[in-house]
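Participant: Provided herewith: coords.json, JSON, C-alpha atoms.
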[["chain", "number", "residue", "atom", "x", "y", "z"],
["A", 461, "MET", "CA", -33.78, 34.89, 28.22],
["A", 462, "VAL", "CA", -36.30, 32.15, 27.41],
["A", 463, "ASP", "CA", -35.96, 32.92, 23.69],
["A", 464, "GLU", "CA", -32.18, 32.73, 24.00],
["A", 465, "ILE", "CA", -32.40, 29.31, 25.64],
["A", 466, "SER", "CA", -34.88, 28.17, 22.98],
["A", 467, "VAL", "CA", -32.55, 29.28, 20.15],
["A", 468, "GLN", "CA", -29.60, 27.61, 21.85],
["A", 469, "LYS", "CA", -31.65, 24.41, 22.29],
["A", 470, "ASN", "CA", -32.65, 24.47, 18.59],
["A", 471, "ASN", "CA", -28.99, 24.90, 17.60],
["A", 472, "GLU", "CA", -28.05, 21.92, 19.76],
["A", 473, "ASP", "CA", -30.88, 19.83, 18.27],
["A", 474, "HIS", "CA", -29.97, 20.76, 14.70],
["A", 475, "ILE", "CA", -28.03, 17.98, 13.02],
["A", 476, "SER", "CA", -25.85, 18.97, 10.09],
["A", 477, "ILE", "CA", -25.47, 16.50, 7.23],
["A", 478, "CYS", "CA", -22.01, 17.95, 6.63],
["A", 479, "ASP", "CA", -20.98, 17.28, 10.24],
["A", 480, "ILE", "CA", -22.23, 13.70, 10.03],
["A", 481, "MET", "CA", -20.46, 12.94, 6.76],
["A", 482, "LYS", "CA", -17.27, 14.78, 7.71],
["A", 483, "GLY", "CA", -17.06, 13.08, 11.10],
["A", 484, "ASN", "CA", -17.72, 9.58, 9.80],
["A", 485, "THR", "CA", -15.46, 9.96, 6.77],
["A", 486, "SER", "CA", -12.62, 11.37, 8.87],
["A", 487, "GLU", "CA", -12.98, 8.57, 11.40],
["A", 488, "ILE", "CA", -12.83, 5.87, 8.71],
["A", 489, "ILE", "CA", -9.80, 7.43, 6.99],
["A", 490, "ARG", "CA", -7.97, 7.89, 10.31],
["A", 491, "LYS", "CA", -8.65, 4.25, 11.18],
["A", 492, "HIS", "CA", -7.18, 3.13, 7.83],
["A", 493, "GLU", "CA", -4.21, 5.43, 8.33],
["A", 494, "SER", "CA", -3.59, 4.11, 11.84],
["A", 495, "GLN", "CA", -3.37, 0.55, 10.49],
["A", 496, "ILE", "CA", -0.63, 1.33, 7.94],
["A", 497, "PRO", "CA", 2.33, 0.90, 10.33],
["A", 498, "LEU", "CA", 1.02, -2.50, 11.43],
["A", 499, "MET", "CA", 0.46, -3.59, 7.82],
["A", 500, "LEU", "CA", 3.98, -2.52, 6.84],
["A", 501, "GLU", "CA", 5.46, -4.28, 9.87],
["A", 502, "ASN", "CA", 3.53, -7.46, 9.03],
["A", 503, "TYR", "CA", 4.72, -7.40, 5.40],
["A", 504, "SER", "CA", 8.27, -6.81, 6.59],
["A", 505, "ASN", "CA", 7.98, -9.75, 8.99],
["A", 506, "LEU", "CA", 6.52, -11.91, 6.21],
["A", 507, "TYR", "CA", 9.40, -11.19, 3.83],
["A", 508, "SER", "CA", 11.95, -11.62, 6.62],
["A", 509, "GLU", "CA", 10.50, -15.06, 7.27],
["A", 510, "PHE", "CA", 10.62, -15.88, 3.53],
["A", 511, "LEU", "CA", 14.30, -14.92, 3.55],
["A", 512, "ARG", "CA", 15.04, -16.96, 6.67],
["A", 513, "ILE", "CA", 13.27, -20.05, 5.30],
["A", 514, "PHE", "CA", 14.99, -19.89, 1.92],
["A", 515, "ASP", "CA", 18.38, -19.32, 3.56],
["A", 516, "SER", "CA", 17.70, -22.43, 5.65],
["A", 517, "ILE", "CA", 16.57, -24.46, 2.64],
["A", 518, "TYR", "CA", 19.59, -23.48, 0.56],
["A", 519, "GLY", "CA", 21.87, -24.15, 3.53],
["A", 520, "THR", "CA", 20.57, -27.71, 3.47],
["A", 521, "CYS", "CA", 21.02, -27.72, -0.30],
["A", 522, "TYR", "CA", 24.81, -27.36, 0.08],
["A", 523, "ILE", "CA", 24.93, -30.49, 2.21],
["A", 524, "ASN", "CA", 22.81, -32.42, -0.30],
["A", 525, "GLU", "CA", 24.87, -31.10, -3.19],
["A", 526, "LYS", "CA", 27.97, -32.72, -1.76],
["A", 527, "GLU", "CA", 26.16, -35.97, -1.06],
["A", 528, "PHE", "CA", 24.06, -36.22, -4.22],
["A", 529, "PHE", "CA", 24.76, -33.75, -7.03],
["A", 530, "ASP", "CA", 28.55, -34.13, -6.99],
["A", 531, "LYS", "CA", 28.04, -37.85, -7.65],
["A", 532, "LEU", "CA", 26.01, -37.02, -10.78],
["A", 533, "ASN", "CA", 29.08, -35.35, -12.27],
["A", 534, "ILE", "CA", 27.07, -32.54, -13.92],
["A", 535, "ASP", "CA", 28.98, -30.72, -16.65],
["A", 536, "GLN", "CA", 30.27, -27.32, -15.44],
["A", 537, "LYS", "CA", 29.21, -25.70, -18.75],
["A", 538, "LEU", "CA", 25.62, -26.70, -18.01],
["A", 539, "LEU", "CA", 25.90, -25.26, -14.50],
["A", 540, "LYS", "CA", 27.40, -22.05, -15.94],
["A", 541, "GLN", "CA", 24.46, -21.74, -18.33],
["A", 542, "LEU", "CA", 22.04, -22.40, -15.47],
["A", 543, "LYS", "CA", 23.77, -19.66, -13.45],
["A", 544, "ASP", "CA", 23.56, -17.20, -16.37],
["A", 545, "ASN", "CA", 19.87, -17.97, -16.91],
["A", 546, "SER", "CA", 19.18, -17.60, -13.20],
["A", 547, "GLU", "CA", 20.99, -14.22, -13.15],
["A", 548, "TYR", "CA", 18.93, -13.03, -16.13],
["A", 549, "ILE", "CA", 15.65, -14.07, -14.48],
["A", 550, "LYS", "CA", 16.72, -12.48, -11.18],
["A", 551, "ASN", "CA", 17.61, -9.20, -12.90],
["A", 552, "GLN", "CA", 14.27, -9.15, -14.71],
["A", 553, "TYR", "CA", 12.48, -9.77, -11.43],
["A", 554, "LEU", "CA", 14.43, -6.99, -9.67],
["A", 555, "GLU", "CA", 13.63, -4.61, -12.52],
["A", 556, "ASN", "CA", 9.94, -5.53, -12.27],
["A", 557, "ILE", "CA", 10.01, -4.72, -8.55],
["A", 558, "VAL", "CA", 11.34, -1.23, -9.36],
["A", 559, "ILE", "CA", 8.80, -0.76, -12.17],
["A", 560, "GLY", "CA", 5.97, -1.91, -9.89],
["A", 561, "THR", "CA", 7.07, 0.49, -7.16],
["A", 562, "GLN", "CA", 7.26, 3.37, -9.64],
["A", 563, "PHE", "CA", 3.82, 2.46, -11.02],
["A", 564, "PHE", "CA", 2.34, 2.42, -7.51],
["A", 565, "ASP", "CA", 4.01, 5.78, -6.76],
["A", 566, "GLU", "CA", 2.55, 7.35, -9.93],
["A", 567, "GLN", "CA", -0.85, 5.80, -9.23],
["A", 568, "ILE", "CA", -0.92, 7.39, -5.76],
["A", 569, "LYS", "CA", 0.12, 10.76, -7.22],
["A", 570, "MET", "CA", -2.67, 10.47, -9.81],
["A", 571, "ARG", "CA", -5.23, 9.63, -7.12],
["A", 572, "ILE", "CA", -4.15, 12.61, -5.02],
["A", 573, "SER", "CA", -4.40, 14.85, -8.08],
["A", 574, "ALA", "CA", -7.89, 13.49, -8.84],
["A", 575, "MET", "CA", -8.91, 14.14, -5.23],
["A", 576, "HIS", "CA", -7.69, 17.75, -5.50],
["A", 577, "SER", "CA", -9.61, 18.18, -8.76],
["A", 578, "PHE", "CA", -12.73, 16.77, -7.10],
["A", 579, "GLU", "CA", -12.26, 19.10, -4.13],
["A", 580, "ASN", "CA", -11.99, 22.11, -6.45],
["A", 581, "PHE", "CA", -15.07, 20.98, -8.38],
["A", 582, "VAL", "CA", -17.15, 20.59, -5.21],
["A", 583, "ARG", "CA", -16.01, 23.98, -3.90],
["A", 584, "ILE", "CA", -17.01, 25.65, -7.18],
["A", 585, "LEU", "CA", -20.31, 23.76, -7.20],
["A", 586, "MET", "CA", -21.12, 24.76, -3.60],
["A", 587, "ASP", "CA", -20.07, 28.35, -4.24],
["A", 588, "SER", "CA", -22.30, 28.53, -7.32],
["A", 589, "TYR", "CA", -25.18, 26.94, -5.45],
["A", 590, "SER", "CA", -24.86, 29.34, -2.50],
["A", 591, "LYS", "CA", -24.81, 32.32, -4.89],
["A", 592, "SER", "CA", -27.94, 31.08, -6.63],
["A", 593, "LEU", "CA", -29.89, 31.00, -3.35]]
Let me see whether you can do it: turn the structure in this file into structure tokens.

Facilitator:
Amino acid sequence: MVDEISVQKNNEDHISICDIMKGNTSEIIRKHESQIPLMLENYSNLYSEFLRIFDSIYGTCYINEKEFFDKLNIDQKLLKQLKDNSEYIKNQYLENIVIGTQFFDEQIKMRISAMHSFENFVRILMDSYSKSL
């Protein structure tokens, strides 16, 4: 009975490096993961505010256009060219958003694949090490 208690006490006193690293690593990753919804919400709020501000600014622009730009009598051909150039730049920007999103998606897939490769490597390494003991 005393030996049983002693063995149990030794097991309780034994600290595993794997338990320490696993516990701490898991806690850090879970904390990061728990913050993702808040980060996404904040970015969404940020871009919503950008949109609101620019809508407000351009709303004011219409008033100023009537009071100022119409008096300048700007040639409609010039305005048409400005519109075409603006459309081209907008389309390039929209395409870059899609390309950036696809790049990020592929980067995440590559990281996950690298993590799986690392996991397999460590498992093989540990298996080989345990067999050599």

Participant: Just the number, please: distance in Å from CA of Ser504 in chain A to CA of Ile572 in chain A, one decimal.

Facilitator: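 Going from CA of Ser504 in chain A over to CA of Ile572 in chain A, I get 25.8 Å.
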
Participant: Between CA of Ser508 in chain A and CA of Ile557 in chain A, what is the distance, to one decimal in Å?

Facilitator: 16.8 Å

Participant: Using Å and a single decimal, report how far CA of Leu539 in chain A sits from CA of Cys521 in chain A.

Facilitator: 15.2 Å

Participant: Put a box with edges along x, y and z around all the listed atoms of range 568-587 of chain A, pad it by 4 Å on each side, then give me its centre and sizes in Å, one decimal, as lines of an AutoDock Vina configuration file.

Facilitator:
center_x = -10.5
center_y = 17.9
center_z = -6.7
size_x = 29.2
size_y = 29.0
size_z = 14.2
